[in-house]
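Printed here is coords-v3.csv (CSV, C-alpha atoms and all ligand atoms):
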chain,number,residue,atom,x,y,z
J,16,ARG,CA,-5.8,23.7,-17.3
J,17,ALA,CA,-3.1,25.7,-15.6
J,18,LEU,CA,-1.9,22.2,-14.4
J,19,VAL,CA,-0.5,21.5,-17.9
J,20,ARG,CA,2.7,23.4,-18.0
J,21,PRO,CA,6.0,23.0,-19.7
J,22,GLY,CA,8.3,20.7,-17.8
J,23,GLY,CA,5.5,19.6,-15.5
J,24,LEU,CA,4.4,16.0,-15.1
J,25,TRP,CA,0.9,16.6,-16.5
J,26,THR,CA,1.1,16.8,-20.2
J,27,SER,CA,-2.6,16.7,-21.1
J,28,LEU,CA,-5.8,17.2,-19.2
J,29,ASP,CA,-9.0,15.9,-20.7
J,30,VAL,CA,-12.3,16.7,-19.0
J,31,VAL,CA,-15.3,14.8,-20.3
J,32,GLU,CA,-18.9,14.9,-19.3
J,33,ARG,CA,-19.5,11.2,-19.1
J,34,VAL,CA,-17.5,8.0,-19.6
J,35,GLY,CA,-17.9,4.3,-18.7
J,36,SER,CA,-14.7,4.3,-16.6
J,37,THR,CA,-11.8,6.7,-16.8
J,38,ASN,CA,-9.4,3.9,-16.1
J,39,SER,CA,-10.8,1.7,-19.0
J,40,ASP,CA,-10.7,4.7,-21.3
J,41,LEU,CA,-7.1,5.7,-20.5
J,42,VAL,CA,-5.9,2.0,-20.6
J,43,ALA,CA,-7.5,1.8,-24.1
J,44,ARG,CA,-5.8,5.0,-25.3
J,45,ALA,CA,-2.5,4.5,-23.5
J,46,ALA,CA,-0.5,3.6,-26.6
J,47,GLU,CA,-1.2,7.0,-28.2
J,48,LEU,CA,-0.7,9.0,-25.0
J,49,GLY,CA,2.5,9.8,-23.1
J,50,GLU,CA,3.3,9.9,-19.5
J,51,GLY,CA,1.3,12.5,-17.6
J,52,ALA,CA,-2.0,12.2,-19.5
J,53,VAL,CA,-5.0,13.0,-17.2
J,54,LEU,CA,-8.6,12.1,-17.8
J,55,VAL,CA,-11.3,13.5,-15.6
J,56,ALA,CA,-15.0,12.7,-15.9
J,57,GLU,CA,-18.0,14.4,-14.4
J,58,GLU,CA,-19.8,11.1,-14.4
J,59,GLN,CA,-18.9,7.5,-14.7
J,60,THR,CA,-21.5,4.9,-15.8
J,61,SER,CA,-19.5,1.8,-15.0
J,62,GLY,CA,-16.7,2.9,-12.6
J,63,ARG,CA,-14.5,0.1,-11.5
J,64,GLY,CA,-12.9,-1.0,-8.2
J,65,ARG,CA,-10.4,-3.7,-7.6
J,66,LEU,CA,-11.1,-7.4,-8.0
J,67,ASP,CA,-14.1,-6.9,-10.3
J,68,ARG,CA,-15.9,-4.6,-7.8
J,69,SER,CA,-17.5,-1.4,-8.9
J,70,TRP,CA,-17.2,2.2,-8.0
J,71,THR,CA,-20.5,4.0,-8.0
J,72,ALA,CA,-21.3,7.7,-7.5
J,73,PRO,CA,-23.9,10.2,-8.7
J,74,PRO,CA,-22.8,12.6,-11.5
J,75,ARG,CA,-20.7,15.6,-10.3
J,76,SER,CA,-20.7,14.3,-6.7
J,77,GLY,CA,-16.9,13.7,-6.6
J,78,LEU,CA,-13.6,13.5,-8.3
J,79,PHE,CA,-13.3,10.7,-10.9
J,80,LEU,CA,-10.0,10.7,-12.7
J,81,SER,CA,-7.2,8.6,-14.1
J,82,VAL,CA,-3.6,9.4,-14.9
J,83,LEU,CA,-1.1,7.6,-17.1
J,84,LEU,CA,2.4,7.2,-15.7
J,85,LYS,CA,5.5,5.6,-17.2
J,86,PRO,CA,7.8,5.3,-14.2
J,87,ASP,CA,11.5,5.1,-15.0
J,88,VAL,CA,12.2,3.2,-11.8
J,89,PRO,CA,12.7,-0.6,-11.4
J,90,VAL,CA,9.4,-2.4,-12.0
J,91,ASP,CA,9.6,-4.3,-8.7
J,92,ARG,CA,9.0,-1.0,-7.0
J,93,TRP,CA,5.8,0.0,-8.9
J,94,GLY,CA,3.7,-1.7,-6.2
J,95,TRP,CA,4.2,1.5,-4.3
J,96,LEU,CA,2.3,3.6,-6.8
J,97,PRO,CA,-1.2,3.0,-5.3
J,98,LEU,CA,0.1,3.7,-1.9
J,99,LEU,CA,2.0,6.8,-3.1
J,100,THR,CA,-1.2,8.0,-4.7
J,101,GLY,CA,-3.0,7.5,-1.4
J,102,VAL,CA,-0.5,9.6,0.4
J,103,ALA,CA,-0.6,12.3,-2.2
J,104,ALA,CA,-4.4,12.4,-2.3
J,105,ALA,CA,-4.7,12.4,1.5
J,106,THR,CA,-2.2,15.2,2.0
J,107,GLY,CA,-3.2,17.3,-1.0
J,108,LEU,CA,-6.9,17.0,-0.3
J,109,ALA,CA,-6.5,17.6,3.4
J,110,ARG,CA,-4.9,21.0,2.7
J,111,ALA,CA,-7.4,22.0,0.1
J,112,ALA,CA,-10.5,20.7,1.8
J,113,GLY,CA,-9.7,21.3,5.4
J,114,ALA,CA,-10.5,17.8,6.4
J,115,ASP,CA,-8.4,14.9,7.8
J,116,PHE,CA,-7.9,11.6,6.0
J,117,ALA,CA,-6.7,8.3,7.1
J,118,LEU,CA,-5.3,5.6,4.7
J,119,LYS,CA,-6.8,2.2,5.0
J,120,TRP,CA,-4.3,-0.3,3.6
J,121,PRO,CA,-3.9,-0.8,0.8
J,122,ASN,CA,-5.8,1.8,-1.2
J,123,ASP,CA,-8.8,3.4,0.6
J,124,LEU,CA,-9.1,7.0,1.7
J,125,MET,CA,-11.0,7.3,4.9
J,126,VAL,CA,-12.7,10.2,6.6
J,127,ARG,CA,-14.2,10.6,10.0
J,128,VAL,CA,-18.0,11.0,10.1
J,129,GLY,CA,-19.3,11.2,13.6
J,130,GLY,CA,-17.3,8.7,15.6
J,131,GLU,CA,-16.6,6.4,12.7
J,132,GLU,CA,-14.2,6.0,9.9
J,133,ARG,CA,-15.8,5.8,6.5
J,134,LYS,CA,-14.5,5.3,3.0
J,135,ALA,CA,-14.5,8.5,1.0
J,136,GLY,CA,-12.1,7.4,-1.8
J,137,GLY,CA,-10.4,4.6,-3.5
J,138,ILE,CA,-7.5,4.0,-5.9
J,139,LEU,CA,-7.2,1.5,-8.7
J,140,ALA,CA,-3.8,0.9,-10.4
J,141,GLU,CA,-3.6,-1.1,-13.6
J,142,ARG,CA,-0.5,-2.0,-15.6
J,143,VAL,CA,-0.7,-1.1,-19.3
J,144,GLY,CA,1.8,-2.4,-21.8
J,145,SER,CA,5.3,-3.0,-20.6
J,146,ASP,CA,6.1,0.4,-19.4
J,147,GLY,CA,2.9,2.1,-18.1
J,148,VAL,CA,0.4,2.2,-15.3
J,149,VAL,CA,-3.0,3.8,-15.2
J,150,ILE,CA,-4.0,5.0,-11.8
J,151,GLY,CA,-7.6,5.8,-11.1
J,152,ILE,CA,-8.8,7.9,-8.2
J,153,GLY,CA,-12.3,8.3,-7.0
J,154,VAL,CA,-13.2,10.6,-4.2
J,155,ASN,CA,-16.6,11.4,-2.7
J,156,VAL,CA,-16.9,15.1,-2.3
J,157,THR,CA,-20.4,16.5,-2.0
J,158,LEU,CA,-22.4,13.3,-1.1
J,159,ARG,CA,-25.0,13.6,1.6
J,160,GLU,CA,-26.1,10.8,3.8
J,161,ASP,CA,-29.1,10.0,1.6
J,162,GLU,CA,-27.0,9.9,-1.6
J,163,LEU,CA,-24.4,7.3,-0.5
J,164,PRO,CA,-23.9,4.5,-2.9
J,165,VAL,CA,-23.0,2.1,-0.1
J,166,PRO,CA,-23.9,2.5,3.6
J,167,GLN,CA,-20.3,2.5,4.8
J,168,ALA,CA,-19.3,5.4,2.5
J,169,GLY,CA,-18.3,8.8,3.6
J,170,SER,CA,-17.6,12.1,1.8
J,171,LEU,CA,-15.8,15.3,2.3
J,172,ALA,CA,-19.1,17.1,2.9
J,173,LEU,CA,-20.0,14.5,5.6
J,174,ALA,CA,-16.6,15.0,7.2
J,175,ASN,CA,-17.4,18.7,7.5
J,176,ALA,CA,-14.8,19.8,5.0
J,177,VAL,CA,-14.3,23.5,4.8
J,178,SER,CA,-14.4,23.4,1.0
J,179,THR,CA,-16.1,21.0,-1.3
J,180,ASP,CA,-15.4,22.9,-4.6
J,181,ARG,CA,-14.3,20.2,-6.9
J,182,ASP,CA,-12.0,22.2,-9.2
J,183,PRO,CA,-9.6,23.4,-6.5
J,184,LEU,CA,-9.7,19.9,-4.9
J,185,LEU,CA,-8.7,18.4,-8.3
J,186,ARG,CA,-5.9,20.9,-8.7
J,187,ALA,CA,-4.6,20.2,-5.2
J,188,LEU,CA,-4.7,16.5,-5.7
J,189,LEU,CA,-2.8,16.6,-9.0
J,190,ARG,CA,-0.2,18.9,-7.6
J,191,SER,CA,0.4,16.8,-4.6
J,192,LEU,CA,0.6,13.7,-6.8
J,193,GLU,CA,3.1,15.4,-9.1
J,194,ASP,CA,5.2,16.3,-6.0
J,195,TRP,CA,5.2,12.8,-4.4
J,196,TYR,CA,5.8,11.1,-7.7
J,197,GLY,CA,8.8,13.4,-8.3
J,198,VAL,CA,10.3,12.7,-4.9
J,199,TRP,CA,9.8,8.9,-5.3
J,200,ARG,CA,11.3,8.9,-8.8
J,201,ALA,CA,14.2,10.9,-7.7
J,202,ALA,CA,14.9,8.2,-5.1
J,203,ASN,CA,14.6,5.6,-7.9
J,204,GLY,CA,11.4,4.2,-6.4
J,205,ASP,CA,13.0,3.6,-3.0
J,206,ALA,CA,10.1,4.1,-0.6
J,207,HIS,CA,12.3,4.4,2.5
J,208,ALA,CA,14.7,7.0,1.0
J,209,SER,CA,11.8,9.1,-0.3
J,210,ARG,CA,10.1,8.9,3.1
J,211,LEU,CA,7.0,7.4,1.4
J,212,GLN,CA,7.1,4.3,3.6
J,213,GLU,CA,7.1,6.3,6.9
J,214,THR,CA,4.6,8.8,5.6
J,215,TYR,CA,2.2,6.1,4.5
J,216,ALA,CA,2.6,4.3,7.8
J,217,ALA,CA,2.0,7.5,9.8
J,218,GLY,CA,-1.3,8.0,8.0
J,219,CYS,CA,-2.4,4.4,8.0
J,220,SER,CA,-5.2,3.6,10.3
J,221,THR,CA,-5.0,-0.1,9.7
J,222,LEU,CA,-1.8,-0.4,11.8
J,223,GLY,CA,-2.5,-1.5,15.3
J,224,LEU,CA,-5.7,-3.2,14.4
J,225,THR,CA,-6.5,-6.9,14.4
J,226,VAL,CA,-7.1,-8.1,10.9
J,227,ARG,CA,-8.1,-11.3,9.1
J,228,ALA,CA,-6.3,-11.9,5.8
J,229,GLU,CA,-7.5,-14.3,3.2
J,230,LEU,CA,-4.5,-15.7,1.3
J,231,PRO,CA,-4.4,-17.8,-1.9
J,232,GLY,CA,-5.2,-21.4,-1.5
J,233,ASP,CA,-8.0,-20.9,1.0
J,234,ARG,CA,-5.6,-20.0,3.8
J,235,SER,CA,-6.4,-17.3,6.2
J,236,LEU,CA,-4.7,-15.8,9.2
J,237,ILE,CA,-5.7,-13.5,12.0
J,238,GLY,CA,-3.3,-11.1,13.7
J,239,GLU,CA,-2.3,-7.6,14.4
J,240,ALA,CA,-1.3,-5.3,11.6
J,241,VAL,CA,2.1,-3.9,12.8
J,242,ALA,CA,3.9,-2.3,9.9
J,243,ILE,CA,4.3,-1.5,6.2
J,244,ASP,CA,7.4,-3.3,4.8
J,245,GLY,CA,9.8,-2.0,2.2
J,246,ASP,CA,7.6,-3.5,-0.6
J,247,GLY,CA,4.4,-1.8,0.6
J,248,ARG,CA,3.1,-5.0,2.1
J,249,LEU,CA,1.1,-5.1,5.4
J,250,VAL,CA,3.0,-7.0,8.1
J,251,VAL,CA,0.6,-9.0,10.3
J,252,THR,CA,1.9,-10.6,13.5
J,253,THR,CA,0.0,-13.8,14.5
J,254,PRO,CA,-0.4,-14.9,18.1
J,255,ASP,CA,2.5,-17.3,17.8
J,256,GLY,CA,4.8,-14.2,17.2
J,257,LYS,CA,5.4,-14.8,13.5
J,258,ASP,CA,5.3,-11.9,11.0
J,259,HIS,CA,3.5,-12.4,7.8
J,260,PRO,CA,3.8,-9.9,4.9
J,261,ILE,CA,0.4,-9.6,3.1
J,262,GLY,CA,0.4,-8.4,-0.5
J,263,ALA,CA,-2.2,-5.9,-1.9
J,264,GLY,CA,-3.7,-8.8,-3.9
J,265,ASP,CA,-4.7,-10.6,-0.8
J,266,ILE,CA,-7.9,-9.7,0.9
J,267,VAL,CA,-7.8,-8.2,4.3
J,268,HIS,CA,-10.9,-7.8,6.6
J,269,LEU,CA,-10.7,-5.6,9.6
J,270,ARG,CA,-11.9,-7.2,12.8
J,271,PRO,CA,-13.4,-4.8,15.3
J,301,LIG,C1,-11.6,1.0,-5.0
J,301,LIG,O1,-11.8,-0.4,-5.2
J,301,LIG,O2,-11.9,1.6,-4.0
J,301,LIG,C2,-11.0,1.7,-6.2
J,301,LIG,C3,-12.0,2.7,-6.7
J,301,LIG,C4,-11.4,3.5,-7.9
J,301,LIG,C5,-12.4,4.4,-8.5
J,301,LIG,C6,-11.8,5.3,-9.5
J,301,LIG,S1,-12.9,6.5,-10.1
J,301,LIG,C7,-11.8,6.9,-11.4
J,301,LIG,C8,-11.2,5.6,-11.9
J,301,LIG,N1,-12.0,4.9,-13.0
J,301,LIG,C9,-12.5,3.8,-12.6
J,301,LIG,O3,-13.3,3.0,-13.2
J,301,LIG,N2,-12.1,3.5,-11.3
J,301,LIG,C10,-11.3,4.6,-10.8
J,301,LIG,P1,-12.1,-1.4,-4.1
J,301,LIG,O4,-11.1,-1.3,-3.0
J,301,LIG,O5,-12.3,-2.7,-4.8
J,301,LIG,O6,-13.5,-0.9,-3.5
J,301,LIG,C11,-14.7,-1.1,-4.2
J,301,LIG,C12,-15.8,-1.2,-3.1
J,301,LIG,O7,-16.0,0.1,-2.6
J,301,LIG,C13,-17.2,-1.5,-3.7
J,301,LIG,O8,-17.3,-2.9,-3.7
J,301,LIG,C14,-18.1,-0.8,-2.7
J,301,LIG,O9,-18.3,-1.6,-1.5
J,301,LIG,C15,-17.4,0.4,-2.3
J,301,LIG,N3,-17.8,1.6,-3.0
J,301,LIG,C16,-18.2,1.7,-4.3
J,301,LIG,N4,-18.5,2.9,-4.6
J,301,LIG,C17,-18.2,3.7,-3.5
J,301,LIG,C18,-18.2,5.1,-3.2
J,301,LIG,N5,-18.6,6.0,-4.1
J,301,LIG,N6,-17.8,5.5,-1.9
J,301,LIG,C19,-17.4,4.5,-1.0
J,301,LIG,N7,-17.3,3.2,-1.3
J,301,LIG,C20,-17.7,2.8,-2.5

What would you get if you wrote out this structure as structure tokens?
Amino acid sequence: RALVRPGGLWTSLDVVERVGSTNSDLVARAAELGEGAVLVAEEQTSGRGRLDRSWTAPPRSGLFLSVLLKPDVPVDRWGWLPLLTGVAAATGLARAAGADFALKWPNDLMVRVGGEERKAGGILAERVGSDGVVIGIGVNVTLREDELPVPQAGSLALANAVSTDRDPLLRALLRSLEDWYGVWRAANGDAHASRLQETYAAGCSTLGLTVRAELPGDRSLIGEAVAIDGDGRLVVTTPDGKDHPIGAGDIVHLRP
């Protein structure tokens, strides 16, 4: 509760035992809430991912939260918000948990379990009204191998985190998000000026890999992921030397 302080970004913090989806709930209540409202649930019964996918996790096994933001920066820069949240979560949680994260473009938080990279968190940003965006964050914290909702999932516990106390992790995450959001806003949403672009790229394990992107109209391409551009898109270089910016709405598969 100490996170809600005068002049701070977080204006209300609601912790509920159980909800369908913190994102759906906050989207539905956005009109009556102002910027900085936070909703945290101990359990989600129908957590959502992107593109109609679902987010599933046992009660109290992780962080499930959504925040309402009303960024006063040009709307064509809002596409950075999920990436900003990824950077903020990775850096804040790394400090508090004593574990390393990688960012899988566009919105997955990855941890190392044994020799492999596994998904320990995901981010879901949804526009609400003309001036708002709800950002949902799910992070697997205590999950053991036999509790994983999907085989390719990881968790802080599996990554041998020093701490898996959810309260301090939540506080660290929200503090880090407040910091990064403040820096980005002060730069009027410019990802380069706020160092968001280079920080994201530095933490992004997708760069350097060969990927297959499925584009609208049944087109697809295979190439090397080489950069994150000024709009947060993944730049893929095909064997003919051409660069293709891939938007977060396109589907990207990693090729081993
Ligand atoms: C995401 O979608 O990764 C975004 C997840 C956002 C969840 C948060 S929780 C709080 C807030 N309220 C909500 O309702 N949602 C947000 P996407 O990139 O589409 O990935 C979804 C895929 O991840 C699924 O199809 C599964 O394969 C996998 N998955 C589901 N649950 C998982 C888990 N607990 N850990 C790792 N992977 C999971």

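Interatomic distance, CA of Val149 (chain J) to atom O6 of ligand LIG 301 (chain J): 16.4 Å.
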
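Considering all atoms listed in the file, the residue among J:Asn122, J:Asn203, J:Thr225, J:Ser145 positioned nearest to Val88 (chain J) is J:Asn203.
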
For Glu58 (chain J), list every protein, DNA or RNA residue within 10 Å, evaluated using all atoms listed in the file, and leave out those in the same chain fewer than 3 positions away; present the list as a PyMOL selection string.
chain J and resi 31-37+55+61-62+71-80

Determine, using all atoms listed in the file, which residues of chain J have any atom at most 7 Å from an atom of ligand LIG 301 (chain J), and tabulate each with its shortest atom pair and distance in Å to one decimal place, rows ordered by chain and then rising number, as a tab-separated table.
residue	atom	partner	partner_atom	distance
J:Ser36	CA	J:LIG301	O3	3.9
J:Thr37	CA	J:LIG301	N1	4.2
J:Asn38	CA	J:LIG301	N1	4.2
J:Ser39	CA	J:LIG301	O3	6.4
J:Ser61	CA	J:LIG301	O3	6.6
J:Gly62	CA	J:LIG301	O3	3.5
J:Arg63	CA	J:LIG301	O3	3.6
J:Gly64	CA	J:LIG301	O1	3.3
J:Arg65	CA	J:LIG301	O5	3.5
J:Leu66	CA	J:LIG301	O5	5.8
J:Arg68	CA	J:LIG301	O8	4.7
J:Ser69	CA	J:LIG301	C13	5.2
J:Trp70	CA	J:LIG301	N4	3.7
J:Thr71	CA	J:LIG301	N4	4.1
J:Ala72	CA	J:LIG301	N5	4.7
J:Phe79	CA	J:LIG301	C7	4.1
J:Leu80	CA	J:LIG301	C7	4.4
J:Ser81	CA	J:LIG301	C8	5.5
J:Asn122	CA	J:LIG301	O4	6.4
J:Asp123	CA	J:LIG301	O2	5.8
J:Lys134	CA	J:LIG301	C19	5.0
J:Ala135	CA	J:LIG301	N6	5.3
J:Gly136	CA	J:LIG301	N6	6.0
J:Gly137	CA	J:LIG301	O2	3.4
J:Ile138	CA	J:LIG301	C2	4.2
J:Leu139	CA	J:LIG301	C2	4.6
J:Gly151	CA	J:LIG301	C8	3.7
J:Ile152	CA	J:LIG301	C6	4.2
J:Gly153	CA	J:LIG301	S1	3.6
J:Asn155	CA	J:LIG301	N5	5.9
J:Leu163	CA	J:LIG301	N5	6.9
J:Pro164	CA	J:LIG301	N5	5.6
J:Val165	CA	J:LIG301	C20	5.9
J:Gln167	CA	J:LIG301	C19	6.8
J:Ala168	CA	J:LIG301	C19	4.1
J:Gly169	CA	J:LIG301	C19	6.4

Serialized selection, C-alpha atoms, as a compact mmCIF listing (two decimals), in the frame of the given file:
# COMPACT_ATOMS: atom_id res chain seq x y z
CA SER J 36 -14.70 4.30 -16.60
CA THR J 37 -11.80 6.70 -16.80
CA ASN J 38 -9.40 3.90 -16.10
CA SER J 39 -10.80 1.70 -19.00
CA SER J 61 -19.50 1.80 -15.00
CA GLY J 62 -16.70 2.90 -12.60
CA ARG J 63 -14.50 0.10 -11.50
CA GLY J 64 -12.90 -1.00 -8.20
CA ARG J 65 -10.40 -3.70 -7.60
CA LEU J 66 -11.10 -7.40 -8.00
CA ARG J 68 -15.90 -4.60 -7.80
CA SER J 69 -17.50 -1.40 -8.90
CA TRP J 70 -17.20 2.20 -8.00
CA THR J 71 -20.50 4.00 -8.00
CA ALA J 72 -21.30 7.70 -7.50
CA PHE J 79 -13.30 10.70 -10.90
CA LEU J 80 -10.00 10.70 -12.70
CA SER J 81 -7.20 8.60 -14.10
CA ASN J 122 -5.80 1.80 -1.20
CA ASP J 123 -8.80 3.40 0.60
CA LYS J 134 -14.50 5.30 3.00
CA ALA J 135 -14.50 8.50 1.00
CA GLY J 136 -12.10 7.40 -1.80
CA GLY J 137 -10.40 4.60 -3.50
CA ILE J 138 -7.50 4.00 -5.90
CA LEU J 139 -7.20 1.50 -8.70
CA GLY J 151 -7.60 5.80 -11.10
CA ILE J 152 -8.80 7.90 -8.20
CA GLY J 153 -12.30 8.30 -7.00
CA ASN J 155 -16.60 11.40 -2.70
CA LEU J 163 -24.40 7.30 -0.50
CA PRO J 164 -23.90 4.50 -2.90
CA VAL J 165 -23.00 2.10 -0.10
CA GLN J 167 -20.30 2.50 4.80
CA ALA J 168 -19.30 5.40 2.50
CA GLY J 169 -18.30 8.80 3.60

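Atom to atom, CA of Gly262 (chain J) and CA of Ser170 (chain J) stand 27.4 Å apart.
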
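Going from CA of Leu184 (chain J) to CA of Ala109 (chain J) covers 9.2 Å.
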